[in-house]
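To start, the structure itself, in structure tokens.
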Amino acid sequence: MLRYVYADQLDQFPRLAEEMFTHRAEQFRTRLGWDVCVDAQGLEKDEYDLLNPLYVIWETAEGGHGGSTRFLPTTGPVMVNDHFGHLTSTPIRSPHIWECTRFCMARGQGPEVAAALMLGGGELMNGFDIRHFVGVFDARMVRIYKRVGSSPEILGSVGKGREQISVGLWEFDKEAQARVAARAQVPIELSHLWFERDFGNNSVLEFAASA
């Protein structure tokens with residue numbers, strides 16, 4: 001199932017938190033060879049994890065971390081402006097555009113989990129008046145986005161082939177939601193229930209309201 005957890009709530013989910021940061025280290029440093037910081041406990045964290053981001057996490061039937069992604073409003077510091085501004089014509093700042101980063105999948109998880117994480121992103125859009133997500137991704141992700149039925153508009157790229165890095169902008173209309181829900185094998189009604197469980201009827205994020 002999907003969980004929506006702020007960074008300052010992660011202590012309520014110690015197993016999910018530890019496995020999420022451990023799987024991030026395995027994916028981004030070990031498998032992909034990215035230059036990321038991994039601490040002595042084997043956890044991958046960066047400066048954006050200190051900004052109380054919102055994590056969308058797939059919790060497995062056994063209670064473990066199956067996959068996750070991280071969201072921050074672009075009204076504050078975000079990776080796309082701080083490190084990849086050369087790929088966009090102007091800085092991206094809007095209360096209606098949030099950045100999605102650290103899309104991570106645990107080993108052995110299939111495309112259904114990737115689709116479920118995107119479905120969770122769609123719930124955020126619908127619940128918090130977000131019109132677009134922006135994110136930086138590498139060439140391997142293009143195939144994954146196509147498989148789950150949610151490909152972005154490319155704003156800019158650098159590099160070629162497997163080394164290409166791009167900035168993309170996502171919308172999520174009802175048709176896209178239906179495609180992703182079908183790929184995730186999650187009924188849309190159940191996805192709504194998971195969102196309401198964590199947020200209730202209050203769809204105003206504190207850091208978004210103050211932005």
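Every chain in the structure tokens takes a letter, A first, then B, and so on in the order presented; its residues are numbered from 1, and the ligands are numbered from 1 following the presented order.
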
Can you tell me which residues surround Leu190 in chain A at a distance of at most 12 Å, considering only C-alpha atoms, apart from same-chain residues fewer than 5 positions away, and format the answer as a VMD selection string? chain A and resid 1 to 2 116 119 to 120 123 181 184 to 185 195 to 197

Selection export as a short mmCIF file (atom, residue, chain, number, x, y, z; two decimals), in the first residue's frame, atoms kept: N, CA and C atoms:
data_model
loop_
_atom_site.label_atom_id
_atom_site.label_comp_id
_atom_site.auth_asym_id
_atom_site.auth_seq_id
_atom_site.Cartn_x
_atom_site.Cartn_y
_atom_site.Cartn_z
N MET A 1 0.84 -1.19 0.00
CA MET A 1 0.00 0.00 0.00
C MET A 1 0.87 1.24 0.00
N LEU A 2 0.27 2.37 -0.33
CA LEU A 2 0.98 3.64 -0.35
C LEU A 2 0.89 4.32 1.01
N ALA A 116 2.54 2.45 -8.97
CA ALA A 116 1.86 2.85 -7.74
C ALA A 116 2.43 4.14 -7.18
N LEU A 119 1.05 6.83 -9.17
CA LEU A 119 -0.35 7.01 -8.78
C LEU A 119 -0.43 7.87 -7.52
N GLY A 120 0.49 7.64 -6.58
CA GLY A 120 0.54 8.47 -5.39
C GLY A 120 0.84 9.92 -5.71
N GLU A 123 -2.30 11.53 -6.71
CA GLU A 123 -3.14 11.88 -5.56
C GLU A 123 -2.70 13.22 -4.96
N ALA A 181 -3.15 3.59 -12.77
CA ALA A 181 -3.83 2.74 -11.79
C ALA A 181 -3.95 1.31 -12.31
N ALA A 184 -0.60 -0.31 -12.08
CA ALA A 184 -0.25 -0.59 -10.69
C ALA A 184 -1.10 -1.69 -10.09
N GLN A 185 -2.19 -2.04 -10.78
CA GLN A 185 -3.15 -3.02 -10.26
C GLN A 185 -3.73 -2.56 -8.93
N PHE A 195 -4.82 7.86 0.49
CA PHE A 195 -4.52 9.28 0.60
C PHE A 195 -5.32 9.90 1.75
N GLU A 196 -6.59 9.60 1.81
CA GLU A 196 -7.45 10.15 2.87
C GLU A 196 -7.02 9.65 4.24
N ARG A 197 -6.53 8.42 4.32
CA ARG A 197 -6.05 7.89 5.60
C ARG A 197 -4.95 8.76 6.18
#

Filtered DSSP result for range 94-132 of chain A, state alpha helix (DSSP H), as a ChimeraX atom specification: /A:111-128

Filtering to all heavy atoms, could you give me those residues as a CSV table (one decimal), in the first residue's frame?
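Resulting contents of part-v9.csv:
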chain,number,residue,atom,x,y,z
A,111,PRO,N,7.2,-3.4,-12.1
A,111,PRO,CA,6.7,-2.2,-12.6
A,111,PRO,C,5.4,-1.7,-12.0
A,111,PRO,O,5.1,-0.6,-12.0
A,111,PRO,CB,6.5,-2.4,-14.1
A,111,PRO,CG,6.4,-3.9,-14.2
A,111,PRO,CD,7.3,-4.5,-13.2
A,112,GLU,N,4.7,-2.7,-11.3
A,112,GLU,CA,3.5,-2.3,-10.6
A,112,GLU,C,3.8,-1.3,-9.5
A,112,GLU,O,3.1,-0.4,-9.2
A,112,GLU,CB,2.8,-3.5,-10.0
A,112,GLU,CG,2.3,-4.5,-11.1
A,112,GLU,CD,3.3,-5.4,-11.6
A,112,GLU,OE1,4.5,-5.4,-11.0
A,112,GLU,OE2,3.1,-6.2,-12.5
A,113,VAL,N,5.0,-1.5,-8.8
A,113,VAL,CA,5.3,-0.6,-7.7
A,113,VAL,C,5.7,0.8,-8.3
A,113,VAL,O,5.3,1.8,-7.7
A,113,VAL,CB,6.5,-1.2,-6.9
A,113,VAL,CG1,7.0,-0.2,-5.9
A,113,VAL,CG2,6.0,-2.4,-6.2
A,114,ALA,N,6.4,0.8,-9.4
A,114,ALA,CA,6.7,2.1,-10.0
A,114,ALA,C,5.5,2.8,-10.4
A,114,ALA,O,5.3,4.1,-10.2
A,114,ALA,CB,7.6,1.9,-11.2
A,115,ALA,N,4.5,2.1,-10.9
A,115,ALA,CA,3.2,2.7,-11.3
A,115,ALA,C,2.5,3.2,-10.0
A,115,ALA,O,1.9,4.3,-10.1
A,115,ALA,CB,2.4,1.7,-12.1
A,116,ALA,N,2.5,2.5,-9.0
A,116,ALA,CA,1.9,2.8,-7.7
A,116,ALA,C,2.4,4.1,-7.2
A,116,ALA,O,1.7,5.0,-6.7
A,116,ALA,CB,1.9,1.7,-6.7
A,117,LEU,N,3.7,4.3,-7.3
A,117,LEU,CA,4.4,5.6,-6.8
A,117,LEU,C,3.9,6.7,-7.6
A,117,LEU,O,3.6,7.8,-7.1
A,117,LEU,CB,5.9,5.4,-6.8
A,117,LEU,CG,6.5,4.4,-5.9
A,117,LEU,CD1,8.0,4.3,-6.1
A,117,LEU,CD2,6.2,4.8,-4.4
A,118,MET,N,3.8,6.5,-8.9
A,118,MET,CA,3.2,7.6,-9.8
A,118,MET,C,1.8,7.9,-9.5
A,118,MET,O,1.3,9.0,-9.5
A,118,MET,CB,3.4,7.2,-11.3
A,118,MET,CG,4.9,7.2,-11.7
A,118,MET,SD,5.1,6.9,-13.4
A,118,MET,CE,6.9,6.9,-13.6
A,119,LEU,N,1.0,6.8,-9.2
A,119,LEU,CA,-0.4,7.0,-8.8
A,119,LEU,C,-0.4,7.9,-7.5
A,119,LEU,O,-1.3,8.7,-7.4
A,119,LEU,CB,-1.0,5.7,-8.5
A,119,LEU,CG,-2.5,5.6,-8.3
A,119,LEU,CD1,-3.3,6.2,-9.5
A,119,LEU,CD2,-3.0,4.2,-8.0
A,120,GLY,N,0.5,7.6,-6.6
A,120,GLY,CA,0.5,8.5,-5.4
A,120,GLY,C,0.8,9.9,-5.7
A,120,GLY,O,0.3,10.8,-5.1
A,121,GLY,N,1.7,10.1,-6.7
A,121,GLY,CA,2.0,11.5,-7.1
A,121,GLY,C,0.7,12.2,-7.7
A,121,GLY,O,0.5,13.3,-7.4
A,122,GLY,N,-0.1,11.4,-8.4
A,122,GLY,CA,-1.3,11.9,-8.9
A,122,GLY,C,-2.3,12.3,-7.8
A,122,GLY,O,-3.0,13.3,-7.9
A,123,GLU,N,-2.3,11.5,-6.7
A,123,GLU,CA,-3.1,11.9,-5.6
A,123,GLU,C,-2.7,13.2,-5.0
A,123,GLU,O,-3.5,14.0,-4.6
A,123,GLU,CB,-3.1,10.8,-4.5
A,123,GLU,CG,-3.7,9.5,-4.9
A,123,GLU,CD,-5.2,9.5,-5.0
A,123,GLU,OE1,-5.8,10.5,-4.6
A,123,GLU,OE2,-5.8,8.5,-5.4
A,124,LEU,N,-1.4,13.4,-4.9
A,124,LEU,CA,-0.9,14.7,-4.4
A,124,LEU,C,-1.4,15.9,-5.3
A,124,LEU,O,-1.8,16.9,-4.8
A,124,LEU,CB,0.6,14.7,-4.3
A,124,LEU,CG,1.3,13.8,-3.3
A,124,LEU,CD1,2.8,14.0,-3.3
A,124,LEU,CD2,0.7,14.0,-1.9
A,125,MET,N,-1.3,15.7,-6.6
A,125,MET,CA,-1.8,16.7,-7.5
A,125,MET,C,-3.2,17.0,-7.3
A,125,MET,O,-3.6,18.2,-7.2
A,125,MET,CB,-1.6,16.2,-9.0
A,125,MET,CG,-0.2,16.4,-9.5
A,125,MET,SD,-0.1,16.0,-11.3
A,125,MET,CE,1.4,16.7,-11.7
A,126,ASN,N,-4.0,16.0,-7.2
A,126,ASN,CA,-5.5,16.3,-7.0
A,126,ASN,C,-5.8,16.9,-5.6
A,126,ASN,O,-6.7,17.7,-5.5
A,126,ASN,CB,-6.2,14.9,-7.1
A,126,ASN,CG,-6.2,14.4,-8.5
A,126,ASN,OD1,-6.0,15.1,-9.5
A,126,ASN,ND2,-6.3,13.0,-8.7
A,127,GLY,N,-5.1,16.4,-4.6
A,127,GLY,CA,-5.4,16.9,-3.3
A,127,GLY,C,-4.8,18.3,-2.9
A,127,GLY,O,-5.4,19.0,-2.1
A,128,PHE,N,-3.7,18.7,-3.5
A,128,PHE,CA,-3.0,19.9,-3.1
A,128,PHE,C,-2.9,20.9,-4.2
A,128,PHE,O,-2.0,21.8,-4.1
A,128,PHE,CB,-1.6,19.5,-2.6
A,128,PHE,CG,-1.7,18.6,-1.4
A,128,PHE,CD1,-0.9,17.5,-1.4
A,128,PHE,CD2,-2.6,18.8,-0.4
A,128,PHE,CE1,-0.9,16.6,-0.4
A,128,PHE,CE2,-2.6,17.9,0.7
A,128,PHE,CZ,-1.8,16.8,0.7

Got a sec: who's within 10 Å of Asp49 in chain A, counting only C-alpha atoms, leaving out chain neighbours fewer than 6 positions off, as a PyMOL selection string? chain A and resi 6-8+55+70-72

Could you turn the residues from that selection into a file that holds all heavy atoms, as a tab-separated table (two decimals), in the first residue's frame?
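Produced file out-v9.tsv, reproduced below:
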chain	number	residue	atom	x	y	z
A	6	TYR	N	5.88	12.68	5.95
A	6	TYR	CA	6.85	13.76	5.99
A	6	TYR	C	8.14	13.28	6.66
A	6	TYR	O	8.13	12.33	7.46
A	6	TYR	CB	6.30	14.94	6.79
A	6	TYR	CG	5.13	15.64	6.15
A	6	TYR	CD1	3.85	15.49	6.67
A	6	TYR	CD2	5.32	16.48	5.05
A	6	TYR	CE1	2.78	16.15	6.11
A	6	TYR	CE2	4.25	17.13	4.48
A	6	TYR	CZ	2.97	16.97	5.00
A	6	TYR	OH	1.91	17.61	4.45
A	7	ALA	N	9.22	13.98	6.38
A	7	ALA	CA	10.50	13.60	6.98
A	7	ALA	C	10.42	13.61	8.50
A	7	ALA	O	11.00	12.74	9.16
A	7	ALA	CB	11.60	14.54	6.50
A	8	ASP	N	9.71	14.57	9.08
A	8	ASP	CA	9.65	14.64	10.54
A	8	ASP	C	8.68	13.61	11.14
A	8	ASP	O	8.50	13.57	12.36
A	8	ASP	CB	9.29	16.05	11.02
A	8	ASP	CG	7.92	16.53	10.56
A	8	ASP	OD1	7.16	15.74	9.95
A	8	ASP	OD2	7.59	17.72	10.81
A	55	TYR	N	7.49	12.16	1.50
A	55	TYR	CA	7.84	10.93	0.81
A	55	TYR	C	6.57	10.15	0.50
A	55	TYR	O	5.69	10.02	1.36
A	55	TYR	CB	8.75	10.05	1.68
A	55	TYR	CG	10.03	10.72	2.12
A	55	TYR	CD1	10.12	11.30	3.39
A	55	TYR	CD2	11.14	10.78	1.29
A	55	TYR	CE1	11.28	11.91	3.80
A	55	TYR	CE2	12.31	11.38	1.69
A	55	TYR	CZ	12.38	11.96	2.95
A	55	TYR	OH	13.54	12.57	3.37
A	70	ARG	N	10.39	11.32	-3.50
A	70	ARG	CA	10.44	12.47	-2.60
A	70	ARG	C	9.91	13.71	-3.30
A	70	ARG	O	10.22	13.96	-4.46
A	70	ARG	CB	11.89	12.68	-2.16
A	70	ARG	CG	12.12	13.84	-1.21
A	70	ARG	CD	13.59	13.93	-0.86
A	70	ARG	NE	14.42	14.34	-1.99
A	70	ARG	CZ	15.76	14.37	-1.98
A	70	ARG	NH1	16.41	13.97	-0.89
A	70	ARG	NH2	16.44	14.74	-3.04
A	71	PHE	N	9.13	14.52	-2.56
A	71	PHE	CA	8.51	15.70	-3.14
A	71	PHE	C	8.80	16.95	-2.31
A	71	PHE	O	8.74	16.92	-1.08
A	71	PHE	CB	6.99	15.52	-3.23
A	71	PHE	CG	6.56	14.44	-4.18
A	71	PHE	CD1	6.39	13.14	-3.73
A	71	PHE	CD2	6.32	14.72	-5.52
A	71	PHE	CE1	5.98	12.14	-4.61
A	71	PHE	CE2	5.93	13.73	-6.39
A	71	PHE	CZ	5.76	12.43	-5.94
A	72	LEU	N	9.10	18.05	-3.02
A	72	LEU	CA	9.26	19.37	-2.41
A	72	LEU	C	8.66	20.42	-3.33
A	72	LEU	O	8.78	20.31	-4.56
A	72	LEU	CB	10.74	19.69	-2.20
A	72	LEU	CG	11.43	19.11	-0.96
A	72	LEU	CD1	12.94	19.28	-1.08
A	72	LEU	CD2	10.92	19.78	0.31

My list of candidates is A:Leu155, A:Phe199, A:Tyr4, A:Glu163. Which is closest to Gly33 in chain A when distances are computed with only C-alpha atoms? A:Glu163

Calculated over only C-alpha atoms, which of the candidates A:Ala61, A:Leu169, A:Tyr48, A:Gly161 has the smallest distance to Ile97 in chain A? A:Leu169

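With distances restricted to only C-alpha atoms, A:Trp170 is the closest residue to Tyr145 in chain A from A:Trp58, A:Phe13, A:Trp170, A:Phe84.
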
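If you look at CA of Met79 in chain A and CA of Glu19 in chain A, they are 22.8 Å away from each other.
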
Which neighbours of Gln9 in chain A fall inside 12 Å, counting only C-alpha atoms, when residues of the same chain fewer than 3 positions from it are skipped, and could you give them as a PyMOL selection string? chain A and resi 3-6+12-14+16-17+52-55+198

Using CA of Gln41 in chain A and CA of Gln27 in chain A as the two end points, give the distance in Å to one decimal. 15.5 Å
